[in-house]
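As stored in final.txt (compact mmCIF, C-alpha atoms):
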```txt
# COMPACT_ATOMS: atom_id res chain seq x y z
CA MET F 240 0.00 0.00 0.00
CA PRO F 241 1.85 3.12 -1.17
CA LEU F 242 2.48 6.03 1.15
CA ASP F 243 0.67 9.21 0.10
CA HIS F 244 1.97 11.63 2.72
CA ILE F 245 3.18 12.20 6.29
CA GLY F 246 1.26 14.78 8.31
CA ILE F 247 3.28 17.10 10.56
CA ALA F 248 1.55 19.35 13.11
CA VAL F 249 2.94 22.89 13.19
CA GLU F 250 2.14 26.08 15.09
CA ASN F 251 2.69 28.38 12.12
CA LEU F 252 2.56 27.29 8.48
CA GLU F 253 4.68 30.06 6.99
CA ARG F 254 7.42 29.74 9.63
CA SER F 255 7.48 25.98 9.06
CA LEU F 256 7.71 26.31 5.28
CA ALA F 257 10.65 28.66 5.84
CA VAL F 258 12.44 25.78 7.62
CA TYR F 259 11.40 22.85 5.41
CA GLU F 260 11.60 24.41 1.93
CA PRO F 261 15.33 25.22 1.94
CA ALA F 262 16.22 22.04 3.88
CA LEU F 263 14.43 19.80 1.37
CA SER F 264 15.11 21.91 -1.75
CA THR F 265 11.41 21.99 -2.61
CA LYS F 266 8.46 24.40 -2.51
CA GLY F 267 5.27 23.92 -0.54
CA SER F 268 1.90 24.02 -2.31
CA PRO F 269 -0.22 27.16 -1.80
CA PRO F 270 -1.79 26.94 1.67
CA GLU F 271 -5.30 25.44 1.64
CA VAL F 272 -7.91 25.46 4.42
CA VAL F 273 -9.35 21.97 5.01
CA ALA F 274 -12.69 22.70 6.63
CA SER F 275 -13.36 19.11 7.78
CA GLN F 276 -10.06 19.06 9.70
CA ARG F 277 -10.11 22.71 10.79
CA ALA F 278 -6.54 23.06 9.55
CA ARG F 279 -4.58 25.10 7.04
CA VAL F 280 -2.19 22.86 5.11
CA SER F 281 0.62 22.87 2.57
CA PHE F 282 2.18 19.86 0.79
CA LEU F 283 5.87 19.45 -0.07
CA ASP F 284 7.11 16.83 -2.55
CA VAL F 285 9.57 14.32 -1.08
CA GLY F 286 10.08 11.81 -3.90
CA ASP F 287 6.83 9.99 -4.70
CA SER F 288 5.18 11.04 -1.45
CA HIS F 289 4.62 14.32 0.36
CA LEU F 290 4.95 16.06 3.68
CA GLU F 291 1.70 17.74 4.76
CA LEU F 292 2.29 20.61 7.19
CA LEU F 293 -0.89 21.24 9.23
CA GLU F 294 -1.59 24.44 11.19
CA PRO F 295 -4.79 24.46 13.29
CA THR F 296 -7.42 27.08 12.44
CA GLU F 297 -8.95 26.64 15.93
CA PRO F 298 -7.33 25.64 19.25
CA ASP F 299 -9.92 22.90 19.90
CA SER F 300 -9.41 21.27 16.48
CA PRO F 301 -7.65 17.88 16.29
CA ILE F 302 -4.32 19.52 15.36
CA GLY F 303 -4.78 22.25 17.97
CA LYS F 304 -5.33 19.65 20.70
CA PHE F 305 -2.36 17.59 19.48
CA LEU F 306 -0.10 20.67 19.67
CA ALA F 307 -1.32 21.49 23.18
CA LYS F 308 -0.61 17.95 24.36
CA ARG F 309 2.54 16.92 22.45
CA GLY F 310 3.91 19.98 20.69
CA GLU F 311 4.96 20.25 17.08
CA GLY F 312 5.99 17.10 15.21
CA LEU F 313 4.91 13.96 13.36
CA HIS F 314 1.12 13.59 13.43
CA HIS F 315 -0.10 10.92 10.98
CA LEU F 316 0.69 8.64 8.04
CA ALA F 317 -1.54 8.57 4.96
CA PHE F 318 -1.73 5.70 2.49
CA HIS F 319 -3.00 5.79 -1.06
CA VAL F 320 -5.97 3.46 -1.64
CA ARG F 321 -8.47 2.74 -4.42
CA SER F 322 -11.41 2.99 -2.00
CA VAL F 323 -11.33 4.67 1.42
CA ASP F 324 -14.55 2.91 2.41
CA GLU F 325 -13.01 -0.50 1.60
CA ALA F 326 -9.83 0.40 3.52
CA LEU F 327 -11.87 1.45 6.58
CA ASP F 328 -13.91 -1.76 6.29
CA GLY F 329 -10.64 -3.72 6.28
CA VAL F 330 -9.46 -2.09 9.52
CA ARG F 331 -12.85 -2.78 11.12
CA ALA F 332 -12.79 -6.41 9.94
CA ARG F 333 -9.40 -6.91 11.66
CA GLY F 334 -10.89 -5.55 14.90
CA GLY F 335 -9.41 -2.05 14.62
CA ARG F 336 -11.20 1.10 15.85
CA LEU F 337 -12.00 3.91 13.41
CA VAL F 338 -12.19 7.70 13.64
CA ASP F 339 -14.27 7.87 10.45
CA GLU F 340 -16.89 5.25 9.67
CA ARG F 341 -17.06 6.40 6.04
CA ALA F 342 -14.96 8.50 3.63
CA ARG F 343 -15.28 12.29 3.92
CA PRO F 344 -13.85 15.27 2.00
CA GLY F 345 -10.19 16.01 2.72
CA ALA F 346 -7.35 18.18 1.39
CA ARG F 347 -6.70 18.50 -2.37
CA GLY F 348 -10.32 17.56 -3.13
CA ARG F 349 -9.68 13.93 -2.16
CA ARG F 350 -11.88 11.52 -0.21
CA VAL F 351 -10.17 10.53 3.04
CA GLY F 352 -10.81 8.54 6.19
CA PHE F 353 -8.92 8.01 9.46
CA ALA F 354 -8.43 4.87 11.53
CA HIS F 355 -8.01 5.29 15.30
CA PRO F 356 -4.37 5.29 16.51
CA SER F 357 -5.08 2.14 18.55
CA ALA F 358 -5.65 0.24 15.27
CA PHE F 359 -1.97 0.79 14.34
CA LEU F 360 -0.14 0.61 17.68
CA GLY F 361 -0.28 4.33 18.42
CA THR F 362 0.11 5.63 14.88
CA LEU F 363 -2.74 7.67 13.40
CA VAL F 364 -3.36 6.31 9.87
CA GLU F 365 -5.31 8.07 7.11
CA PHE F 366 -6.47 6.57 3.81
CA VAL F 367 -6.61 8.79 0.72
CA GLU F 368 -8.27 8.07 -2.66
CA GLY F 369 -6.86 8.82 -6.15
CA PRO F 370 -5.96 10.23 -8.50
CA MET G 282 14.86 15.44 -1.30
CA PRO G 283 13.20 12.00 -1.53
CA LEU G 284 11.84 10.27 1.51
CA ASP G 285 13.68 7.04 2.36
CA HIS G 286 11.59 5.84 5.30
CA ILE G 287 9.49 6.69 8.35
CA GLY G 288 10.69 5.26 11.65
CA ILE G 289 8.03 3.94 14.06
CA ALA G 290 8.91 3.03 17.66
CA VAL G 291 7.34 -0.25 18.79
CA GLU G 292 7.44 -2.33 21.97
CA ASN G 293 7.56 -5.69 20.15
CA LEU G 294 8.67 -6.14 16.56
CA GLU G 295 6.87 -9.41 15.83
CA ARG G 296 3.56 -8.19 17.31
CA SER G 297 3.84 -5.01 15.26
CA LEU G 298 4.59 -6.85 12.01
CA ALA G 299 1.47 -8.93 12.70
CA VAL G 300 -0.54 -5.68 12.63
CA TYR G 301 1.18 -3.85 9.77
CA GLU G 302 1.81 -6.68 7.31
CA PRO G 303 -1.84 -7.63 6.69
CA ALA G 304 -3.02 -4.01 6.84
CA LEU G 305 -0.51 -2.85 4.21
CA SER G 306 -0.49 -6.09 2.16
CA THR G 307 3.30 -6.31 2.40
CA LYS G 308 5.98 -8.32 4.22
CA GLY G 309 8.58 -6.89 6.59
CA SER G 310 12.28 -7.51 5.93
CA PRO G 311 14.02 -10.06 8.21
CA PRO G 312 14.65 -8.35 11.57
CA GLU G 313 18.13 -6.80 11.83
CA VAL G 314 19.92 -5.55 14.96
CA VAL G 315 21.37 -2.05 14.43
CA ALA G 316 24.14 -1.87 17.01
CA SER G 317 24.68 1.90 16.72
CA GLN G 318 21.01 2.56 17.54
CA ARG G 319 20.56 -0.33 19.99
CA ALA G 320 17.42 -1.36 18.12
CA ARG G 321 16.05 -4.33 16.22
CA VAL G 322 14.37 -3.21 13.03
CA SER G 323 12.33 -4.42 10.07
CA PHE G 324 11.45 -2.48 6.90
CA LEU G 325 8.12 -2.66 5.02
CA ASP G 326 7.73 -1.34 1.46
CA VAL G 327 5.11 1.43 1.10
CA GLY G 328 5.49 2.54 -2.53
CA ASP G 329 8.93 4.03 -3.13
CA SER G 330 9.62 4.50 0.59
CA HIS G 331 9.50 2.28 3.65
CA LEU G 332 8.23 2.02 7.17
CA GLU G 333 10.99 1.10 9.64
CA LEU G 334 9.64 -0.57 12.78
CA LEU G 335 12.14 -0.13 15.64
CA GLU G 336 12.13 -2.21 18.84
CA PRO G 337 14.68 -1.21 21.51
CA THR G 338 17.31 -3.79 22.52
CA GLU G 339 17.90 -1.89 25.80
CA PRO G 340 15.54 0.28 27.88
CA ASP G 341 18.04 3.18 28.00
CA SER G 342 18.51 3.25 24.20
CA PRO G 343 17.05 6.17 22.21
CA ILE G 344 13.99 4.11 21.21
CA GLY G 345 13.60 2.71 24.72
CA LYS G 346 13.57 6.22 26.20
CA PHE G 347 11.13 7.43 23.53
CA LEU G 348 8.72 4.59 24.36
CA ALA G 349 8.96 5.33 28.09
CA LYS G 350 8.16 9.01 27.50
CA ARG G 351 5.67 8.99 24.61
CA GLY G 352 4.62 5.40 23.94
CA GLU G 353 4.54 3.64 20.60
CA GLY G 354 4.21 5.70 17.44
CA LEU G 355 5.89 7.85 14.82
CA HIS G 356 9.55 8.42 15.70
CA HIS G 357 11.52 9.94 12.78
CA LEU G 358 11.64 10.78 9.08
CA ALA G 359 14.59 9.73 6.93
CA PHE G 360 15.57 11.36 3.64
CA HIS G 361 17.72 9.89 0.90
CA VAL G 362 20.85 11.97 0.22
CA ARG G 363 24.02 11.63 -1.87
CA SER G 364 26.22 12.54 1.12
CA VAL G 365 25.15 12.40 4.76
CA ASP G 366 28.12 14.58 5.75
CA GLU G 367 27.03 17.28 3.28
CA ALA G 368 23.41 17.07 4.50
CA LEU G 369 24.54 17.46 8.13
CA ASP G 370 26.77 20.39 7.09
CA GLY G 371 23.71 21.98 5.44
CA VAL G 372 21.66 21.76 8.64
CA ARG G 373 24.55 23.22 10.63
CA ALA G 374 25.01 26.05 8.10
CA ARG G 375 21.32 27.02 8.56
CA GLY G 376 21.83 27.17 12.33
CA GLY G 377 20.28 23.78 13.14
CA ARG G 378 21.50 21.50 15.94
CA LEU G 379 22.75 17.99 15.15
CA VAL G 380 22.68 14.65 16.95
CA ASP G 381 25.49 13.31 14.74
CA GLU G 382 28.37 15.54 13.67
CA ARG G 383 29.41 13.01 11.01
CA ALA G 384 27.88 10.00 9.22
CA ARG G 385 27.88 6.68 11.08
CA PRO G 386 26.85 3.11 10.23
CA GLY G 387 23.08 2.51 10.22
CA ALA G 388 20.58 -0.17 9.21
CA ARG G 389 20.90 -2.02 5.87
CA GLY G 390 24.67 -1.28 5.75
CA ARG G 391 23.99 2.40 4.96
CA ARG G 392 25.75 5.51 6.26
CA VAL G 393 23.30 7.63 8.27
CA GLY G 394 23.21 10.79 10.40
CA PHE G 395 20.57 12.48 12.56
CA ALA G 396 19.75 16.17 12.98
CA HIS G 397 18.35 17.29 16.35
CA PRO G 398 14.51 17.59 16.46
CA SER G 399 14.87 21.33 17.14
CA ALA G 400 16.35 21.76 13.64
CA PHE G 401 13.02 20.67 12.11
CA LEU G 402 10.39 22.08 14.49
CA GLY G 403 10.13 18.99 16.68
CA THR G 404 10.60 16.33 13.99
CA LEU G 405 13.62 14.03 14.27
CA VAL G 406 15.20 13.87 10.79
CA GLU G 407 17.69 11.27 9.58
CA PHE G 408 19.73 11.36 6.38
CA VAL G 409 20.57 8.08 4.61
CA GLU G 410 23.08 7.48 1.79
CA GLY G 411 22.58 5.28 -1.33
CA PRO G 412 22.25 2.99 -3.05
```

Please re-express this file's structure in structure tokens.
Amino acid sequence: MPLDHIGIAVENLERSLAVYEPALSTKGSPPEVVASQRARVSFLDVGDSHLELLEPTEPDSPIGKFLAKRGEGLHHLAFHVRSVDEALDGVRARGGRLVDERARPGARGRRVGFAHPSAFLGTLVEFVEGP
Amino acid sequence: MPLDHIGIAVENLERSLAVYEPALSTKGSPPEVVASQRARVSFLDVGDSHLELLEPTEPDSPIGKFLAKRGEGLHHLAFHVRSVDEALDGVRARGGRLVDERARPGARGRRVGFAHPSAFLGTLVEFVEGP
């Protein structure tokens, strides 16, 4: 199952791009607000996958709460799948808990869905459809 | 700068492979002890990059201390570079702190080096050479 991106929680998107862009010799995508996640995000190419920098738009959003508890850093892994609903069904069938029961709209106009961290030994896993 | 792998700290390598292998439809590499990191590791293919599951061989190793403090989960990002020494020099030149001043032997017979998490806003970054 190919990796789509790694999500990194940050306090400030522009300040973070100023660190990551020169270090990785790449440019971040124009910042996009993802309403369903209450986050402002930018993607950087790292080979065939991406880093997604996520800044919370509200303190009580998932990223805002993560920052308050753990500080900036690695937040989730996202895998590329043909069907998010099928991927979520697969986690459920193996006895794993889910955050999302069904696919919902995510960044870049994609359908996404999250498993619960307990399903992957403490790692928050997202599934992302096409293209 | 292409992603080489994502390191995930785990309590038990075999139990973790039993979760990740079926979920990602892939097999982990035969477990390898990395003396310099005091960890036992296995790599799983996820597209062009890999997940590296790391189990500590000693409680006071870097992974052992991470588990004691934060529990299982995402531990580091590793990028593929031509020269680890040059990549470390680049971090230093931009004012970033380093864990390793020079490249040292890592998993899979590769030369590796770590920046300090403060150099990348809380994310531990490793550089890995060839092939």

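Coordinates place CA of Val327 in chain G at a distance of 18.9 Å from CA of Arg296 in chain G.
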
Which one of G:Pro337, G:Gly288, G:Pro412, G:Gly328 sits closest to chain F if you count all atoms listed in the file?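 Residue with the minimum atom-to-atom distance to chain F: G:Gly328.
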
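Distances here use all atoms listed in the file; by that measure, the residue among G:Leu402, G:Leu348, G:Val362, G:Val315 closest to Asp285 in chain G is G:Val362.
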
Which chain G residues have any atom within 9 Å of an atom of chain F, and for each, what is the nearest pair of atoms with distance in Å to one decimal, counting only C-alpha atoms, rows sorted by chain and number, as a tab-separated table?
```
residue	atom	partner	partner_atom	distance
G:Met282	CA	F:Leu263	CA	5.1
G:Pro283	CA	F:Gly286	CA	3.9
G:Leu284	CA	F:Val285	CA	5.3
G:Asp285	CA	F:Gly286	CA	8.7
G:Ile287	CA	F:Ile245	CA	8.6
G:Ile289	CA	F:Thr362	CA	8.1
G:Val291	CA	F:Leu360	CA	7.6
G:Ser297	CA	F:Leu360	CA	7.3
G:Val300	CA	F:Phe359	CA	6.8
G:Tyr301	CA	F:Phe359	CA	7.2
G:Ala304	CA	F:Val330	CA	7.2
G:Leu305	CA	F:Met240	CA	5.1
G:Ser306	CA	F:Met240	CA	6.5
G:Thr307	CA	F:Met240	CA	7.5
G:Asp326	CA	F:Pro241	CA	7.8
G:Val327	CA	F:Pro241	CA	4.3
G:Gly328	CA	F:Pro241	CA	3.9
G:Asp329	CA	F:Asp287	CA	6.5
G:Ser330	CA	F:Leu242	CA	7.3
G:His331	CA	F:Leu242	CA	8.3
G:Arg351	CA	F:Arg309	CA	8.8
G:Gly352	CA	F:Gly361	CA	7.5
G:Glu353	CA	F:Gly361	CA	5.3
G:Gly354	CA	F:Gly361	CA	4.8
G:Leu355	CA	F:Thr362	CA	6.2
G:His356	CA	F:Leu313	CA	7.6
G:His357	CA	F:Leu313	CA	7.8
G:Leu358	CA	F:Leu313	CA	8.6
G:Phe360	CA	F:Val285	CA	8.2
G:Ala368	CA	F:Ala262	CA	8.8
G:Gly371	CA	F:Ala262	CA	7.7
G:Val372	CA	F:Ala262	CA	7.2
G:Arg375	CA	F:Ala262	CA	8.5
G:Pro398	CA	F:Gly312	CA	8.6
G:Ala400	CA	F:Val258	CA	8.2
G:Phe401	CA	F:Val258	CA	6.8
G:Leu402	CA	F:Glu311	CA	6.3
G:Gly403	CA	F:Gly312	CA	4.8
G:Thr404	CA	F:Gly312	CA	4.8
G:Leu405	CA	F:Gly312	CA	8.3
```

Using the file's own x, y and z axes, what box holds all listed atoms of range 267-276 of chain F with 8 Å on each side, keeping edges along x, y and z, and what are its centre and edge lengths in Å to one decimal, as lines of an AutoDock Vina configuration file?
```
center_x = -4.0
center_y = 23.1
center_z = 3.7
size_x = 34.6
size_y = 24.1
size_z = 28.0
```

Give me, please, the distance in Å between CA of Ala384 in chain G and CA of Lys308 in chain G, quoted to one decimal.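 Separation of CA of Ala384 in chain G and CA of Lys308 in chain G: 29.0 Å.
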
Quick one: pull the distance between CA of Asp370 in chain G and CA of Leu334 in chain G, Å, one decimal. 27.7 Å

Please list as a ChimeraX atom specification every residue within 10 Å of Arg347 in chain F, counting all atoms listed in the file and excluding residues in the same chain fewer than 5 positions away. /F:271-273,280-282

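Candidate residues F:His355, F:Glu365, F:Lys304, F:Glu297 were compared for distance to Asp324 in chain F, and the nearest is F:Glu365, using only C-alpha atoms.
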
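Residue nearest Glu333 in chain G, chosen from G:Ala320, G:Ser310, G:His286, G:Arg363 and counting all atoms listed in the file: G:His286.
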
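Residues within 12 Å of Val365 in chain G, counting only C-alpha atoms and excluding same-chain residues fewer than 4 positions away, are G:Ala359, G:Phe360, G:His361, G:Leu369, G:Asp370, G:Gly371, G:Val372, G:Asp381, G:Glu382, G:Arg383, G:Ala384, G:Arg385, G:Pro386, G:Gly387, G:Arg391, G:Arg392, G:Val393, G:Gly394, G:Phe395, G:Ala396, G:Val406, G:Glu407, G:Phe408, G:Val409, G:Glu410, G:Gly411.
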
For those residues, write C-alpha atoms to a file as a PDB file, in the frame of the given file.
```
ATOM      1  CA  ALA G 359      14.590   9.730   6.930  1.00  0.00           C
ATOM      2  CA  PHE G 360      15.570  11.360   3.640  1.00  0.00           C
ATOM      3  CA  HIS G 361      17.720   9.890   0.900  1.00  0.00           C
ATOM      4  CA  LEU G 369      24.540  17.460   8.130  1.00  0.00           C
ATOM      5  CA  ASP G 370      26.770  20.390   7.090  1.00  0.00           C
ATOM      6  CA  GLY G 371      23.710  21.980   5.440  1.00  0.00           C
ATOM      7  CA  VAL G 372      21.660  21.760   8.640  1.00  0.00           C
ATOM      8  CA  ASP G 381      25.490  13.310  14.740  1.00  0.00           C
ATOM      9  CA  GLU G 382      28.370  15.540  13.670  1.00  0.00           C
ATOM     10  CA  ARG G 383      29.410  13.010  11.010  1.00  0.00           C
ATOM     11  CA  ALA G 384      27.880  10.000   9.220  1.00  0.00           C
ATOM     12  CA  ARG G 385      27.880   6.680  11.080  1.00  0.00           C
ATOM     13  CA  PRO G 386      26.850   3.110  10.230  1.00  0.00           C
ATOM     14  CA  GLY G 387      23.080   2.510  10.220  1.00  0.00           C
ATOM     15  CA  ARG G 391      23.990   2.400   4.960  1.00  0.00           C
ATOM     16  CA  ARG G 392      25.750   5.510   6.260  1.00  0.00           C
ATOM     17  CA  VAL G 393      23.300   7.630   8.270  1.00  0.00           C
ATOM     18  CA  GLY G 394      23.210  10.790  10.400  1.00  0.00           C
ATOM     19  CA  PHE G 395      20.570  12.480  12.560  1.00  0.00           C
ATOM     20  CA  ALA G 396      19.750  16.170  12.980  1.00  0.00           C
ATOM     21  CA  VAL G 406      15.200  13.870  10.790  1.00  0.00           C
ATOM     22  CA  GLU G 407      17.690  11.270   9.580  1.00  0.00           C
ATOM     23  CA  PHE G 408      19.730  11.360   6.380  1.00  0.00           C
ATOM     24  CA  VAL G 409      20.570   8.080   4.610  1.00  0.00           C
ATOM     25  CA  GLU G 410      23.080   7.480   1.790  1.00  0.00           C
ATOM     26  CA  GLY G 411      22.580   5.280  -1.330  1.00  0.00           C
TER      27      GLY G 411
END
```
